[in-house]
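Source file: start10.cif. Holds: mmCIF, C-alpha atoms (C1' of nucleotides).
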data_run
#
loop_
_atom_site.label_atom_id
_atom_site.label_comp_id
_atom_site.auth_asym_id
_atom_site.auth_seq_id
_atom_site.Cartn_x
_atom_site.Cartn_y
_atom_site.Cartn_z
CA MET T 111 -9.68 -8.37 7.04
CA SER T 112 -11.05 -6.71 3.94
CA LYS T 113 -9.05 -8.65 1.36
CA PRO T 114 -8.53 -12.35 0.83
CA LYS T 115 -5.64 -13.56 2.95
CA GLY T 116 -3.50 -14.62 -0.01
CA ILE T 117 -3.50 -11.14 -1.47
CA LYS T 118 -2.57 -9.54 1.81
CA ASP T 119 0.31 -11.94 2.27
CA VAL T 120 1.69 -11.03 -1.11
CA GLU T 121 1.56 -7.35 -0.26
CA VAL T 122 3.22 -7.90 3.08
CA ALA T 123 6.01 -9.91 1.48
CA ASP T 124 6.43 -7.20 -1.09
CA SER T 125 6.90 -4.38 1.34
CA VAL T 126 8.98 -6.40 3.79
CA PHE T 127 11.40 -7.77 1.23
CA ALA T 128 11.64 -4.38 -0.42
CA ALA T 129 12.51 -2.85 2.94
CA LEU T 130 15.11 -5.51 3.65
CA ALA T 131 16.68 -5.10 0.24
CA HIS T 132 18.80 -2.14 1.27
CA PRO T 133 21.88 -2.80 3.41
CA ALA T 134 21.44 0.40 5.38
CA ARG T 135 17.90 -0.57 6.30
CA ARG T 136 18.91 -4.04 7.45
CA GLN T 137 21.64 -2.47 9.53
CA ILE T 138 19.25 0.06 11.06
CA LEU T 139 16.74 -2.63 11.85
CA LEU T 140 19.29 -4.85 13.57
CA SER T 141 20.79 -1.92 15.37
CA VAL T 142 17.45 -0.77 16.75
CA HIS T 143 16.56 -4.29 17.76
CA TYR T 144 19.77 -4.79 19.71
CA ARG T 145 19.50 -1.51 21.53
CA GLY T 146 15.89 -2.14 22.38
CA SER T 147 14.73 1.26 21.25
CA CYS T 148 16.27 4.43 19.90
CA ASN T 149 15.29 7.89 18.93
CA ALA T 150 15.99 8.95 15.38
CA GLY T 151 19.05 10.94 16.32
CA GLU T 152 20.85 8.03 17.93
CA ILE T 153 20.23 6.01 14.82
CA ALA T 154 21.21 8.69 12.35
CA ASN T 155 24.42 9.50 14.21
CA ARG T 156 25.70 5.99 13.85
CA PHE T 157 25.28 5.88 10.11
CA GLU T 158 27.33 7.57 7.50
CA CYS T 159 24.58 8.97 5.39
CA SER T 160 22.86 12.25 6.17
CA TRP T 161 20.00 12.60 8.60
CA PRO T 162 17.34 13.12 5.97
CA THR T 163 18.46 10.00 4.17
CA THR T 164 18.32 7.97 7.36
CA SER T 165 14.96 9.50 8.10
CA ARG T 166 13.65 8.22 4.82
CA HIS T 167 14.98 4.74 5.50
CA LEU T 168 13.24 4.84 8.86
CA ALA T 169 10.00 5.86 7.23
CA MET T 170 10.22 2.93 4.84
CA LEU T 171 10.86 0.51 7.67
CA VAL T 172 7.85 1.87 9.50
CA ALA T 173 5.69 1.65 6.38
CA SER T 174 6.60 -1.99 5.96
CA GLY T 175 5.77 -2.66 9.59
CA LEU T 176 9.28 -3.71 10.54
CA LEU T 177 9.74 -0.78 12.88
CA ASP T 178 7.25 0.74 15.28
CA VAL T 179 7.44 4.37 16.18
CA GLU T 180 6.14 6.31 19.13
CA VAL T 181 6.18 10.08 19.28
CA VAL T 182 7.34 11.38 22.65
CA GLY T 183 7.61 15.11 22.91
CA ARG T 184 9.78 16.19 20.05
CA GLU T 185 11.45 12.83 19.68
CA ARG T 186 10.52 9.68 17.83
CA ILE T 187 11.26 6.46 19.61
CA TYR T 188 11.74 3.53 17.27
CA SER T 189 11.61 -0.12 18.17
CA ALA T 190 11.90 -3.21 16.04
CA ASN T 191 8.83 -5.29 15.38
CA ALA T 192 10.70 -8.54 15.85
CA ARG T 193 7.59 -10.68 15.51
CA ARG T 194 6.85 -9.33 12.08
CA VAL T 195 10.38 -9.86 10.83
CA GLN T 196 10.35 -13.40 12.09
CA ASN T 197 6.90 -14.17 10.77
CA VAL T 198 7.79 -13.22 7.24
CA LEU T 199 11.24 -14.75 7.17
CA THR T 200 10.33 -18.04 8.78
CA LYS T 201 7.25 -18.35 6.65
CA TRP T 202 9.34 -18.00 3.49
CA ALA T 203 12.03 -20.29 4.83
CA GLY T 204 9.24 -22.82 5.46
CA PHE T 205 8.22 -22.75 1.82
CA PHE T 206 11.52 -24.43 1.00
CA ASP T 207 11.26 -27.41 3.32
CA MET Q 821 37.81 -18.58 2.54
CA SER Q 822 39.75 -15.56 1.32
CA LYS Q 823 37.83 -12.90 3.23
CA PRO Q 824 36.85 -12.61 6.85
CA LYS Q 825 33.59 -14.41 7.43
CA GLY Q 826 31.68 -11.30 8.49
CA ILE Q 827 32.36 -9.58 5.21
CA LYS Q 828 31.26 -12.56 3.20
CA ASP Q 829 28.05 -12.82 5.17
CA VAL Q 830 27.23 -9.21 4.43
CA GLU Q 831 27.75 -9.75 0.73
CA VAL Q 832 25.63 -12.87 0.75
CA ALA Q 833 22.82 -11.09 2.54
CA ASP Q 834 23.08 -8.28 0.05
CA SER Q 835 22.69 -10.39 -3.03
CA VAL Q 836 20.08 -12.68 -1.53
CA PHE Q 837 17.82 -9.96 -0.22
CA ALA Q 838 18.25 -8.00 -3.44
CA ALA Q 839 17.20 -11.08 -5.38
CA LEU Q 840 14.18 -11.66 -3.16
CA ALA Q 841 13.10 -8.03 -3.41
CA HIS Q 842 11.31 -8.53 -6.71
CA PRO Q 843 7.96 -10.31 -6.73
CA ALA Q 844 8.63 -12.03 -10.02
CA ARG Q 845 11.85 -13.49 -8.69
CA ARG Q 846 10.21 -14.79 -5.54
CA GLN Q 847 7.53 -16.33 -7.67
CA ILE Q 848 10.06 -17.93 -10.01
CA LEU Q 849 12.04 -19.30 -7.10
CA LEU Q 850 8.98 -20.84 -5.45
CA SER Q 851 7.75 -22.17 -8.74
CA VAL Q 852 11.04 -23.88 -9.54
CA HIS Q 853 11.26 -25.30 -6.05
CA TYR Q 854 7.80 -26.85 -6.21
CA ARG Q 855 8.36 -28.38 -9.61
CA GLY Q 856 11.72 -29.78 -8.59
CA SER Q 857 13.50 -28.51 -11.65
CA CYS Q 858 12.65 -26.71 -14.86
CA ASN Q 859 14.27 -25.58 -18.02
CA ALA Q 860 14.16 -21.88 -18.80
CA GLY Q 861 11.34 -22.24 -21.29
CA GLU Q 862 8.96 -23.88 -18.84
CA ILE Q 863 9.61 -21.04 -16.45
CA ALA Q 864 9.35 -18.22 -18.96
CA ASN Q 865 6.13 -19.57 -20.40
CA ARG Q 866 4.37 -19.39 -17.08
CA PHE Q 867 5.20 -15.74 -16.49
CA GLU Q 868 3.73 -12.74 -18.14
CA CYS Q 869 6.88 -10.89 -18.95
CA SER Q 870 8.98 -11.57 -22.01
CA TRP Q 871 11.60 -14.31 -22.23
CA PRO Q 872 14.57 -11.99 -22.05
CA THR Q 873 13.17 -10.37 -18.93
CA THR Q 874 12.62 -13.71 -17.28
CA SER Q 875 16.07 -14.75 -18.38
CA ARG Q 876 17.53 -11.79 -16.55
CA HIS Q 877 15.61 -12.62 -13.41
CA LEU Q 878 16.95 -16.15 -13.64
CA ALA Q 879 20.49 -14.86 -14.01
CA MET Q 880 20.10 -12.76 -10.89
CA LEU Q 881 18.76 -15.69 -8.93
CA VAL Q 882 21.70 -17.78 -10.03
CA ALA Q 883 24.17 -15.00 -9.20
CA SER Q 884 22.77 -14.79 -5.69
CA GLY Q 885 23.06 -18.54 -5.32
CA LEU Q 886 19.35 -19.10 -4.87
CA LEU Q 887 19.05 -21.10 -8.07
CA ASP Q 888 21.46 -23.65 -9.46
CA VAL Q 889 21.72 -24.20 -13.16
CA GLU Q 890 22.96 -27.11 -15.18
CA VAL Q 891 23.49 -26.96 -18.91
CA VAL Q 892 22.19 -30.03 -20.69
CA GLY Q 893 22.49 -29.92 -24.44
CA ARG Q 894 20.85 -26.72 -25.49
CA GLU Q 895 18.72 -26.42 -22.40
CA ARG Q 896 19.38 -24.97 -18.98
CA ILE Q 897 17.92 -26.91 -16.11
CA TYR Q 898 17.26 -24.78 -13.06
CA SER Q 899 16.74 -26.01 -9.54
CA ALA Q 900 16.21 -24.14 -6.31
CA ASN Q 901 18.99 -24.11 -3.76
CA ALA Q 902 16.61 -24.57 -0.87
CA ARG Q 903 19.37 -24.87 1.69
CA ARG Q 904 20.73 -21.47 0.83
CA VAL Q 905 17.33 -19.80 0.99
CA GLN Q 906 16.70 -21.34 4.36
CA ASN Q 907 20.15 -20.57 5.72
CA VAL Q 908 19.87 -16.90 5.00
CA LEU Q 909 16.28 -16.46 6.06
CA THR Q 910 16.50 -18.45 9.27
CA LYS Q 911 19.76 -16.78 10.18
CA TRP Q 912 18.15 -13.37 9.87
CA ALA Q 913 15.03 -14.48 11.65
CA GLY Q 914 17.32 -15.69 14.43
CA PHE Q 915 18.81 -12.26 14.85
CA PHE Q 916 15.44 -11.12 16.15
CA ASP Q 917 14.99 -13.66 18.90
"C1'" DC O 563 27.02 -27.60 -43.50
"C1'" DC O 564 22.51 -25.68 -42.91
"C1'" DT O 565 18.45 -25.04 -40.49
"C1'" DA O 566 15.81 -25.09 -36.30
"C1'" DC O 567 15.60 -24.52 -31.54
"C1'" DA O 568 16.52 -22.88 -26.61
"C1'" DT O 569 18.20 -19.30 -24.45
"C1'" DT O 570 20.97 -15.22 -23.61
"C1'" DT O 571 23.11 -10.68 -24.75
"C1'" DA O 572 22.86 -5.95 -26.48
"C1'" DG O 573 20.77 -1.67 -26.72
"C1'" DC O 574 17.31 1.39 -25.47
"C1'" DC O 575 13.73 3.74 -22.79
"C1'" DT O 576 11.17 4.71 -18.57
"C1'" DG O 577 10.21 4.79 -13.76
"C1'" DT O 578 12.08 4.29 -9.16
"C1'" DT O 579 15.49 4.60 -5.59
"C1'" DT O 580 19.05 6.82 -3.21
"C1'" DG O 581 21.73 10.37 -1.97
"C1'" DC O 582 22.41 15.30 -1.11
"C1'" DT O 583 21.32 20.33 0.70
"C1'" DA O 584 18.14 23.68 2.18
"C1'" DA O 585 13.94 24.75 4.20
"C1'" DA O 586 10.01 23.65 7.11
"C1'" DC O 587 7.62 21.74 11.05
"C1'" DG O 588 6.33 20.92 15.69
"C1'" DT O 589 7.54 20.84 20.53
"C1'" DG O 590 9.80 22.09 24.59
"C1'" DT O 591 12.38 26.04 27.22
"C1'" DT O 592 13.24 30.77 28.65
"C1'" DA K 354 6.84 35.46 22.19
"C1'" DA K 355 11.30 33.93 20.86
"C1'" DC K 356 14.56 30.60 20.46
"C1'" DA K 357 16.65 26.04 20.20
"C1'" DC K 358 16.25 21.34 19.23
"C1'" DG K 359 14.95 16.94 16.92
"C1'" DT K 360 13.24 15.42 12.95
"C1'" DT K 361 10.94 15.43 8.52
"C1'" DT K 362 9.65 17.35 3.89
"C1'" DA K 363 10.84 19.40 -0.64
"C1'" DG K 364 13.34 19.43 -4.55
"C1'" DC K 365 16.95 17.95 -7.38
"C1'" DA K 366 20.75 15.04 -9.68
"C1'" DA K 367 22.75 10.63 -10.36
"C1'" DA K 368 22.48 5.78 -10.31
"C1'" DC K 369 19.87 1.62 -10.75
"C1'" DA K 370 16.30 -1.60 -12.05
"C1'" DG K 371 12.97 -3.53 -15.06
"C1'" DG K 372 10.67 -3.82 -19.25
"C1'" DC K 373 10.77 -4.28 -24.30
"C1'" DT K 374 12.52 -5.73 -29.24
"C1'" DA K 375 16.09 -7.27 -32.12
"C1'" DA K 376 20.26 -9.66 -32.73
"C1'" DA K 377 23.58 -13.14 -31.26
"C1'" DT K 378 25.10 -17.56 -29.31
"C1'" DG K 379 25.51 -22.30 -29.08
"C1'" DT K 380 23.77 -27.03 -29.74
"C1'" DA K 381 21.01 -30.81 -32.28
"C1'" DG K 382 19.55 -32.96 -36.17
"C1'" DG K 383 18.94 -33.65 -41.19
#

Since I need it in another form, could you write the structure as structure tokens?
Amino acid sequence: MSKPKGIKDVEVADSVFAALAHPARRQILLSVHYRGSCNAGEIANRFECSWPTTSRHLAMLVASGLLDVEVVGRERIYSANARRVQNVLTKWAGFFD
Amino acid sequence: MSKPKGIKDVEVADSVFAALAHPARRQILLSVHYRGSCNAGEIANRFECSWPTTSRHLAMLVASGLLDVEVVGRERIYSANARRVQNVLTKWAGFFD
DNA sequence: CCTACATTTAGCCTGTTTGCTAAACGTGTT
DNA sequence: AACACGTTTAGCAAACAGGCTAAATGTAGG
């Protein structure tokens, strides 16, 4: 850990809440979680917006750590990082006890 | 309840996550919660940005239901709606069990 | 009523986000 | 090698968000 913990937490919260701010990204995240794992095509096909747009949403979710991605051949397999979602959300919920 | 519950939930999530997406708003929300309640001046004075900017953040937090406001004379007294914060966050955390 | 005070609204500018289409990339298949 | 397939990158327009300053609103007190 190269930075003080407090700083890192702030950055994590920043990127996670920013990622969750868009309805399409929340929907993608839930959808991937419920299916266990998906390739990008399965995800993009179930959403109205174009593939490149979905691809960008996926990239943001990966950057924030909410999705994990594994490259298999010419496909990308996405899976939800449920622990990270829960960590951030329950931590913030806990602040309001 | 004039709309189906599912629709309302989506709208709530939308406004709440949008409100939480900005660091200043998260900070304001936490700050108000820990102090119990504040008038707008106390809040604005502790943040770097100008009063009108803070005022807009406050309005967004109120619109999303995360802050409650009570007008007392010429002051506005804000208080955090902790239950609502927790409801939304724990509900979403629960989706990832 | 007139002034002072607490706060918001209006108007403006700038940077970011979101969406699109078209083109590129990398990997399997023939 | 050539092609097809899955996906991303580039580049652009439109919409949105966040910041500021200046002006307006509404209440309290002399």

Taking all atoms listed in the file into account and nothing else, which residues of chain T lie no more than 10 Å away from chain O? Please answer as a ChimeraX atom specification.
/T:159-160,162-163,166-167,182-185

Work out how far CA of Leu849 (chain Q) is from CA of Trp871 (chain Q), in Å to one decimal.
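So the two atoms, CA of Trp871 (chain Q) and CA of Leu849 (chain Q), lie 15.9 Å apart.
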
Starting from the displayed file, determine the output of the PyMOL selection byres ((chain T) within 8 of (chain Q)) and express the residue list as a PDB file with C-alpha atoms, in the frame of the given file.
ATOM      1  CA  ASP T 124       6.430  -7.200  -1.090  1.00  0.00           C
ATOM      2  CA  PHE T 127      11.400  -7.770   1.230  1.00  0.00           C
ATOM      3  CA  ALA T 128      11.640  -4.380  -0.420  1.00  0.00           C
ATOM      4  CA  LEU T 130      15.110  -5.510   3.650  1.00  0.00           C
ATOM      5  CA  ALA T 131      16.680  -5.100   0.240  1.00  0.00           C
ATOM      6  CA  HIS T 132      18.800  -2.140   1.270  1.00  0.00           C
ATOM      7  CA  PRO T 133      21.880  -2.800   3.410  1.00  0.00           C
ATOM      8  CA  LEU T 140      19.290  -4.850  13.570  1.00  0.00           C
ATOM      9  CA  HIS T 143      16.560  -4.290  17.760  1.00  0.00           C
ATOM     10  CA  ALA T 192      10.700  -8.540  15.850  1.00  0.00           C
ATOM     11  CA  ARG T 193       7.590 -10.680  15.510  1.00  0.00           C
ATOM     12  CA  VAL T 195      10.380  -9.860  10.830  1.00  0.00           C
ATOM     13  CA  GLN T 196      10.350 -13.400  12.090  1.00  0.00           C
ATOM     14  CA  LEU T 199      11.240 -14.750   7.170  1.00  0.00           C
ATOM     15  CA  THR T 200      10.330 -18.040   8.780  1.00  0.00           C
ATOM     16  CA  TRP T 202       9.340 -18.000   3.490  1.00  0.00           C
ATOM     17  CA  ALA T 203      12.030 -20.290   4.830  1.00  0.00           C
ATOM     18  CA  GLY T 204       9.240 -22.820   5.460  1.00  0.00           C
ATOM     19  CA  PHE T 205       8.220 -22.750   1.820  1.00  0.00           C
ATOM     20  CA  PHE T 206      11.520 -24.430   1.000  1.00  0.00           C
ATOM     21  CA  ASP T 207      11.260 -27.410   3.320  1.00  0.00           C
TER      22      ASP T 207
END

What separation in Å, quoted to one decimal, exists between CA of Leu171 (chain T) and C1' of DT361 (chain K)?
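Answer for the CA of Leu171 (chain T) to C1' of DT361 (chain K) separation: 14.9 Å.
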
Contact residues (chain K, partner chain Q, 8 Å, only C-alpha atoms (C1' of nucleotides)) as a list in words:
DG371, DG372, DC373, DG379, DT380 and DA381 of chain K

For the structure shown, which residues end up in the PyMOL selection byres ((chain Q and resi 897) around 12)? Put them as a list of chain:residue names, please?
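Checking the PyMOL selection byres ((chain Q and resi 897) around 12) against this file, the residues are Q:Val852, Q:Arg855, Q:Gly856, Q:Ser857, Q:Cys858, Q:Asn859, Q:Ala860, Q:Gly861, Q:Glu862, Q:Ile863, Q:Leu878, Q:Val882, Q:Leu887, Q:Asp888, Q:Val889, Q:Glu890, Q:Val891, Q:Val892, Q:Gly893, Q:Arg894, Q:Glu895, Q:Arg896, Q:Tyr898, Q:Ser899, Q:Ala900, O:DA568, O:DT569.
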
Work out how far CA of Ala134 (chain T) is from CA of Gln847 (chain Q), in Å to one decimal.
25.4 Å

Could you add the missing atoms to region 861-885 of chain Q, up to N, CA and C atoms, and return them as a short mmCIF file (atom, residue, chain, number, x, y, z; two decimals), in the frame of the given file?
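Ended up saving to part35.cif:
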data_model
loop_
_atom_site.label_atom_id
_atom_site.label_comp_id
_atom_site.auth_asym_id
_atom_site.auth_seq_id
_atom_site.Cartn_x
_atom_site.Cartn_y
_atom_site.Cartn_z
N GLY Q 861 12.57 -22.42 -20.53
CA GLY Q 861 11.34 -22.24 -21.29
C GLY Q 861 10.10 -22.49 -20.47
N GLU Q 862 10.12 -23.57 -19.69
CA GLU Q 862 8.96 -23.88 -18.84
C GLU Q 862 8.69 -22.72 -17.89
N ILE Q 863 9.77 -22.15 -17.38
CA ILE Q 863 9.61 -21.04 -16.45
C ILE Q 863 9.06 -19.81 -17.17
N ALA Q 864 9.73 -19.45 -18.25
CA ALA Q 864 9.35 -18.22 -18.96
C ALA Q 864 7.93 -18.28 -19.46
N ASN Q 865 7.48 -19.44 -19.88
CA ASN Q 865 6.13 -19.57 -20.40
C ASN Q 865 5.06 -19.32 -19.36
N ARG Q 866 5.39 -19.57 -18.11
CA ARG Q 866 4.37 -19.39 -17.08
C ARG Q 866 4.35 -17.99 -16.51
N PHE Q 867 5.21 -17.11 -17.00
CA PHE Q 867 5.20 -15.74 -16.49
C PHE Q 867 4.81 -14.79 -17.59
N GLU Q 868 4.28 -13.66 -17.16
CA GLU Q 868 3.73 -12.74 -18.14
C GLU Q 868 4.80 -11.99 -18.91
N CYS Q 869 5.90 -11.73 -18.26
CA CYS Q 869 6.88 -10.89 -18.95
C CYS Q 869 7.63 -11.68 -20.01
N SER Q 870 8.35 -10.96 -20.84
CA SER Q 870 8.98 -11.57 -22.01
C SER Q 870 10.12 -12.50 -21.59
N TRP Q 871 10.51 -13.37 -22.50
CA TRP Q 871 11.60 -14.31 -22.23
C TRP Q 871 12.87 -13.61 -21.78
N PRO Q 872 13.32 -12.60 -22.49
CA PRO Q 872 14.57 -11.99 -22.05
C PRO Q 872 14.48 -11.43 -20.64
N THR Q 873 13.34 -10.90 -20.28
CA THR Q 873 13.17 -10.37 -18.93
C THR Q 873 13.26 -11.49 -17.91
N THR Q 874 12.55 -12.57 -18.18
CA THR Q 874 12.62 -13.71 -17.28
C THR Q 874 14.05 -14.24 -17.21
N SER Q 875 14.70 -14.26 -18.34
CA SER Q 875 16.07 -14.75 -18.38
C SER Q 875 16.96 -13.93 -17.46
N ARG Q 876 16.72 -12.63 -17.45
CA ARG Q 876 17.53 -11.79 -16.55
C ARG Q 876 17.23 -12.07 -15.08
N HIS Q 877 15.96 -12.26 -14.78
CA HIS Q 877 15.61 -12.62 -13.41
C HIS Q 877 16.30 -13.93 -13.01
N LEU Q 878 16.29 -14.88 -13.93
CA LEU Q 878 16.95 -16.15 -13.64
C LEU Q 878 18.43 -15.95 -13.37
N ALA Q 879 19.05 -15.10 -14.19
CA ALA Q 879 20.49 -14.86 -14.01
C ALA Q 879 20.77 -14.26 -12.64
N MET Q 880 19.88 -13.37 -12.20
CA MET Q 880 20.10 -12.76 -10.89
C MET Q 880 19.94 -13.78 -9.78
N LEU Q 881 18.96 -14.66 -9.94
CA LEU Q 881 18.76 -15.69 -8.93
C LEU Q 881 19.95 -16.63 -8.87
N VAL Q 882 20.52 -16.92 -10.02
CA VAL Q 882 21.70 -17.78 -10.03
C VAL Q 882 22.89 -17.05 -9.40
N ALA Q 883 23.04 -15.77 -9.74
CA ALA Q 883 24.17 -15.00 -9.20
C ALA Q 883 24.11 -14.92 -7.68
N SER Q 884 22.90 -14.88 -7.15
CA SER Q 884 22.77 -14.79 -5.69
C SER Q 884 22.85 -16.17 -5.05
N GLY Q 885 22.93 -17.19 -5.86
CA GLY Q 885 23.06 -18.54 -5.32
C GLY Q 885 21.75 -19.18 -4.94
#
